[in-house]
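Structure file final_6.cif (mmCIF, N, CA and C atoms) is printed below.
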data_model
loop_
_atom_site.label_atom_id
_atom_site.label_comp_id
_atom_site.auth_asym_id
_atom_site.auth_seq_id
_atom_site.Cartn_x
_atom_site.Cartn_y
_atom_site.Cartn_z
N MET U 884 0.85 -1.16 0.00
CA MET U 884 0.00 0.00 0.00
C MET U 884 0.90 1.23 0.00
N ARG U 885 0.54 2.18 -0.85
CA ARG U 885 1.35 3.40 -0.89
C ARG U 885 0.43 4.61 -1.08
N PRO U 886 0.80 5.73 -0.47
CA PRO U 886 -0.02 6.93 -0.61
C PRO U 886 0.22 7.59 -1.96
N ILE U 887 -0.86 8.11 -2.56
CA ILE U 887 -0.76 8.84 -3.83
C ILE U 887 -1.55 10.14 -3.69
N ASP U 888 -1.32 11.08 -4.58
CA ASP U 888 -2.03 12.36 -4.56
C ASP U 888 -3.53 12.13 -4.71
N PRO U 889 -4.35 12.67 -3.79
CA PRO U 889 -5.80 12.49 -3.89
C PRO U 889 -6.44 13.13 -5.13
N MET U 890 -5.71 14.00 -5.81
CA MET U 890 -6.18 14.59 -7.07
C MET U 890 -7.51 15.35 -6.92
N ILE U 891 -7.68 16.07 -5.83
CA ILE U 891 -8.82 16.96 -5.65
C ILE U 891 -8.27 18.36 -5.93
N LYS U 892 -8.33 18.75 -7.19
CA LYS U 892 -7.62 19.94 -7.67
C LYS U 892 -8.03 21.23 -6.97
N GLU U 893 -9.26 21.28 -6.41
CA GLU U 893 -9.71 22.50 -5.76
C GLU U 893 -9.02 22.73 -4.41
N LEU U 894 -8.35 21.69 -3.90
CA LEU U 894 -7.72 21.77 -2.60
C LEU U 894 -6.21 21.91 -2.71
N GLU U 895 -5.65 22.50 -1.67
CA GLU U 895 -4.20 22.71 -1.61
C GLU U 895 -3.47 21.38 -1.46
N LEU U 896 -2.43 21.17 -2.26
CA LEU U 896 -1.57 20.00 -2.13
C LEU U 896 -0.58 20.24 -1.01
N ARG U 897 -0.49 19.29 -0.09
CA ARG U 897 0.47 19.38 1.01
C ARG U 897 1.11 18.01 1.15
N VAL U 898 2.44 17.98 1.21
CA VAL U 898 3.16 16.72 1.38
C VAL U 898 3.80 16.72 2.75
N TYR U 899 3.31 15.84 3.63
CA TYR U 899 3.86 15.71 4.97
C TYR U 899 5.13 14.87 4.91
N ALA U 900 6.08 15.19 5.78
CA ALA U 900 7.36 14.47 5.89
C ALA U 900 8.15 14.51 4.59
N LYS U 901 7.96 15.55 3.80
CA LYS U 901 8.63 15.68 2.51
C LYS U 901 10.15 15.65 2.65
N ASP U 902 10.67 16.34 3.66
CA ASP U 902 12.12 16.43 3.86
C ASP U 902 12.56 15.71 5.13
N GLN U 903 11.88 14.62 5.47
CA GLN U 903 12.24 13.85 6.65
C GLN U 903 12.55 12.42 6.21
N PRO U 904 13.82 12.11 6.00
CA PRO U 904 14.20 10.81 5.44
C PRO U 904 13.77 9.61 6.31
N GLU U 905 13.52 9.84 7.61
CA GLU U 905 13.11 8.72 8.45
C GLU U 905 11.64 8.32 8.23
N TYR U 906 10.89 9.15 7.48
CA TYR U 906 9.50 8.87 7.18
C TYR U 906 9.27 8.84 5.67
N LEU U 907 8.20 8.19 5.26
CA LEU U 907 7.81 8.23 3.86
C LEU U 907 6.99 9.49 3.61
N PRO U 908 7.20 10.20 2.50
CA PRO U 908 6.39 11.38 2.20
C PRO U 908 4.91 11.00 2.06
N LEU U 909 4.03 11.83 2.60
CA LEU U 909 2.60 11.59 2.56
C LEU U 909 1.90 12.71 1.81
N PRO U 910 1.60 12.50 0.51
CA PRO U 910 0.87 13.52 -0.24
C PRO U 910 -0.57 13.59 0.27
N SER U 911 -1.09 14.81 0.34
CA SER U 911 -2.46 15.00 0.81
C SER U 911 -3.03 16.27 0.18
N ARG U 912 -4.32 16.45 0.34
CA ARG U 912 -5.00 17.68 -0.05
C ARG U 912 -5.70 18.20 1.19
N VAL U 913 -5.66 19.53 1.38
CA VAL U 913 -6.18 20.15 2.60
C VAL U 913 -7.21 21.21 2.23
N ASP U 914 -8.37 21.19 2.94
CA ASP U 914 -9.39 22.21 2.67
C ASP U 914 -9.25 23.39 3.64
N VAL U 915 -10.10 24.39 3.48
CA VAL U 915 -10.01 25.62 4.28
C VAL U 915 -10.27 25.39 5.76
N ASN U 916 -10.94 24.28 6.12
CA ASN U 916 -11.23 23.98 7.52
C ASN U 916 -10.17 23.09 8.16
N GLY U 917 -9.14 22.74 7.40
CA GLY U 917 -8.08 21.90 7.93
C GLY U 917 -8.30 20.41 7.77
N THR U 918 -9.34 20.02 7.03
CA THR U 918 -9.55 18.60 6.75
C THR U 918 -8.48 18.12 5.79
N VAL U 919 -7.78 17.06 6.17
CA VAL U 919 -6.69 16.51 5.37
C VAL U 919 -7.18 15.21 4.74
N VAL U 920 -7.03 15.11 3.42
CA VAL U 920 -7.46 13.93 2.68
C VAL U 920 -6.23 13.24 2.11
N THR U 921 -6.10 11.93 2.40
CA THR U 921 -5.05 11.12 1.77
C THR U 921 -5.72 10.05 0.93
N TYR U 922 -4.97 9.48 0.01
CA TYR U 922 -5.50 8.50 -0.94
C TYR U 922 -4.46 7.40 -1.07
N TRP U 923 -4.89 6.16 -1.04
CA TRP U 923 -3.96 5.04 -0.98
C TRP U 923 -4.18 4.06 -2.13
N LYS U 924 -3.09 3.58 -2.69
CA LYS U 924 -3.11 2.60 -3.78
C LYS U 924 -2.72 1.25 -3.19
N LEU U 925 -3.61 0.27 -3.30
CA LEU U 925 -3.36 -1.07 -2.78
C LEU U 925 -2.76 -1.96 -3.86
N THR U 926 -1.88 -2.87 -3.43
CA THR U 926 -1.34 -3.87 -4.35
C THR U 926 -2.45 -4.88 -4.65
N TRP U 927 -2.23 -5.74 -5.64
CA TRP U 927 -3.22 -6.77 -5.96
C TRP U 927 -3.41 -7.71 -4.78
N ARG U 928 -2.33 -8.05 -4.10
CA ARG U 928 -2.42 -8.93 -2.94
C ARG U 928 -3.27 -8.28 -1.85
N GLU U 929 -3.04 -7.00 -1.59
CA GLU U 929 -3.82 -6.30 -0.57
C GLU U 929 -5.29 -6.21 -0.97
N ARG U 930 -5.55 -5.97 -2.24
CA ARG U 930 -6.94 -5.92 -2.71
C ARG U 930 -7.65 -7.25 -2.49
N LEU U 931 -6.98 -8.34 -2.83
CA LEU U 931 -7.57 -9.67 -2.64
C LEU U 931 -7.79 -9.97 -1.16
N THR U 932 -6.83 -9.59 -0.32
CA THR U 932 -6.96 -9.82 1.12
C THR U 932 -8.15 -9.06 1.69
N VAL U 933 -8.31 -7.81 1.32
CA VAL U 933 -9.46 -7.02 1.78
C VAL U 933 -10.76 -7.61 1.24
N LEU U 934 -10.75 -8.04 -0.01
CA LEU U 934 -11.93 -8.65 -0.60
C LEU U 934 -12.35 -9.90 0.18
N LEU U 935 -11.38 -10.76 0.48
CA LEU U 935 -11.69 -12.02 1.14
C LEU U 935 -11.98 -11.86 2.63
N ARG U 936 -11.21 -11.02 3.31
CA ARG U 936 -11.40 -10.85 4.75
C ARG U 936 -12.45 -9.79 5.07
N GLY U 937 -12.51 -8.76 4.24
CA GLY U 937 -13.44 -7.67 4.51
C GLY U 937 -12.98 -6.74 5.62
N THR U 938 -11.72 -6.82 6.00
CA THR U 938 -11.20 -6.00 7.09
C THR U 938 -9.79 -5.50 6.76
N PHE U 939 -9.37 -4.46 7.48
CA PHE U 939 -7.99 -4.00 7.42
C PHE U 939 -7.67 -3.29 8.72
N TYR U 940 -6.39 -3.10 8.99
CA TYR U 940 -5.94 -2.42 10.19
C TYR U 940 -5.58 -0.98 9.86
N LEU U 941 -5.83 -0.09 10.80
CA LEU U 941 -5.42 1.31 10.70
C LEU U 941 -4.60 1.60 11.95
N THR U 942 -3.35 1.96 11.79
CA THR U 942 -2.47 2.26 12.92
C THR U 942 -2.18 3.74 12.93
N LEU U 943 -2.41 4.38 14.07
CA LEU U 943 -2.16 5.82 14.22
C LEU U 943 -1.14 6.04 15.32
N MET U 944 -0.20 6.92 15.08
CA MET U 944 0.80 7.26 16.08
C MET U 944 0.37 8.57 16.73
N THR U 945 -0.07 8.51 17.99
CA THR U 945 -0.56 9.70 18.69
C THR U 945 0.49 10.31 19.61
N PHE U 946 1.56 9.57 19.88
CA PHE U 946 2.60 10.02 20.80
C PHE U 946 1.99 10.45 22.13
N ASN U 947 0.99 9.66 22.56
CA ASN U 947 0.27 9.86 23.82
C ASN U 947 -0.48 11.19 23.89
N LYS U 948 -0.85 11.72 22.75
CA LYS U 948 -1.70 12.91 22.67
C LYS U 948 -3.11 12.45 22.31
N PRO U 949 -4.13 13.33 22.47
CA PRO U 949 -5.49 12.92 22.13
C PRO U 949 -5.60 12.48 20.67
N LEU U 950 -6.42 11.46 20.45
CA LEU U 950 -6.66 10.94 19.10
C LEU U 950 -7.50 11.94 18.31
N GLN U 951 -7.09 12.22 17.10
CA GLN U 951 -7.84 13.10 16.21
C GLN U 951 -8.95 12.31 15.52
N PRO U 952 -10.06 12.97 15.18
CA PRO U 952 -11.11 12.26 14.46
C PRO U 952 -10.59 11.76 13.10
N ILE U 953 -10.93 10.53 12.77
CA ILE U 953 -10.51 9.96 11.49
C ILE U 953 -11.71 9.31 10.83
N ARG U 954 -11.59 9.07 9.52
CA ARG U 954 -12.64 8.36 8.79
C ARG U 954 -12.00 7.64 7.63
N CYS U 955 -12.36 6.39 7.45
CA CYS U 955 -11.94 5.61 6.29
C CYS U 955 -13.11 5.52 5.34
N SER U 956 -12.85 5.59 4.05
CA SER U 956 -13.92 5.57 3.07
C SER U 956 -13.41 5.05 1.74
N ILE U 957 -14.30 4.50 0.95
CA ILE U 957 -13.95 4.13 -0.42
C ILE U 957 -14.45 5.19 -1.40
N ASP U 958 -15.23 6.15 -0.89
CA ASP U 958 -15.78 7.21 -1.73
C ASP U 958 -15.00 8.51 -1.56
N LYS U 959 -14.96 9.29 -2.62
CA LYS U 959 -14.31 10.59 -2.57
C LYS U 959 -15.01 11.44 -1.51
N PRO U 960 -14.26 12.02 -0.58
CA PRO U 960 -14.89 12.75 0.51
C PRO U 960 -15.46 14.10 0.09
N GLU U 961 -16.47 14.54 0.83
CA GLU U 961 -16.98 15.89 0.65
C GLU U 961 -16.16 16.80 1.54
N VAL U 962 -15.53 17.78 0.96
CA VAL U 962 -14.68 18.69 1.71
C VAL U 962 -15.03 20.12 1.34
N GLU U 963 -14.64 21.04 2.19
CA GLU U 963 -14.86 22.46 1.93
C GLU U 963 -13.77 22.93 0.99
N ARG U 964 -14.15 23.39 -0.17
CA ARG U 964 -13.17 23.80 -1.17
C ARG U 964 -12.45 25.07 -0.76
N ALA U 965 -11.26 25.20 -1.25
CA ALA U 965 -10.51 26.43 -1.07
C ALA U 965 -10.87 27.36 -2.22
N ILE U 966 -11.64 28.40 -1.93
CA ILE U 966 -12.07 29.35 -2.96
C ILE U 966 -11.43 30.69 -2.65
N GLN U 967 -10.90 31.32 -3.66
CA GLN U 967 -10.28 32.63 -3.47
C GLN U 967 -11.30 33.60 -2.89
N GLY U 968 -10.95 34.21 -1.77
CA GLY U 968 -11.85 35.18 -1.15
C GLY U 968 -12.76 34.59 -0.09
N GLY U 969 -12.58 33.31 0.29
CA GLY U 969 -13.38 32.73 1.37
C GLY U 969 -13.89 31.35 1.05
N THR U 970 -14.74 30.85 1.96
CA THR U 970 -15.30 29.51 1.78
C THR U 970 -16.50 29.57 0.87
N ARG U 971 -17.04 28.40 0.52
CA ARG U 971 -18.22 28.35 -0.33
C ARG U 971 -19.39 29.09 0.29
N GLU U 972 -19.58 28.91 1.62
CA GLU U 972 -20.70 29.59 2.28
C GLU U 972 -20.57 31.11 2.18
N GLU U 973 -19.35 31.62 2.33
CA GLU U 973 -19.13 33.06 2.24
C GLU U 973 -19.37 33.58 0.83
N GLN U 974 -19.22 32.70 -0.19
CA GLN U 974 -19.41 33.11 -1.57
C GLN U 974 -20.88 33.16 -1.97
N ARG U 975 -21.77 32.49 -1.19
CA ARG U 975 -23.19 32.40 -1.54
C ARG U 975 -23.91 33.69 -1.24
#
File written out as structure tokens:
Amino acid sequence: MRPIDPMIKELELRVYAKDQPEYLPLPSRVDVNGTVVTYWKLTWRERLTVLLRGTFYLTLMTFNKPLQPIRCSIDKPEVERAIQGGTREEQR
């Protein structure tokens, strides 16, 4: 499994750990409210395993800090777009 650009062009591209060799770079897209979206490409073996088992593990490193809200999905998420001059609600 490897992270790839979520390709939500309306959102800002941000790569976490870009210059930290001890970590793998994590491409993401970020909306005006701070929602971070990542997108993952599974190998054929991983796809078959998920298909057969119907489960997967998610490991988060909190460093003993409060856990942030997370969500796993197979659908493209609804996020607040970054619009020049404010959010969508402010533009209405």
Expansion of the PyMOL selection byres ((chain U and resi 923) around 6) into residues, as JSON, numbers by chain: {"U": [885, 886, 887, 921, 922, 924, 925]}
Result set of the PyMOL selection byres (((chain U and resi 894-910 and name CA) around 9) and name CA) on the coordinates above, as number ranges by chain: U: 885-893, 911-915, 919-922, 962-966
Taking the chain letters and numbering used in this document, name the residues of range 892-972 of chain U that DSSP puts in strand (DSSP E), as a PyMOL selection string. chain U and resi 895-899+909-913+919-920+922-924
Write down as JSON, numbers by chain the residues of chain U whose backbone DSSP state falls under helix (DSSP H, G or I). {"U": [927, 928, 929, 930, 931, 932, 933, 934, 935, 936, 971, 972, 973, 974]}
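If you measure from each of U:Phe946, U:Asp958, U:Asn916, U:Met884 to Glu929 in chain U using all atoms listed in the file, the closest one turns out to be U:Met884.
Taking atom N of Ser956 in chain U and CA of Arg936 in chain U as endpoints, the distance between them is 16.5 Å.
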Atomic distance CA of Cys955 in chain U - CA of Thr938 in chain U, expressed in Å with one decimal: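 If I compute the distance from CA of Cys955 in chain U to CA of Thr938 in chain U, I get 11.7 Å.
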So how far away is CA of Phe939 in chain U from CA of Trp927 in chain U, in Å?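 It comes out at 14.5 Å.
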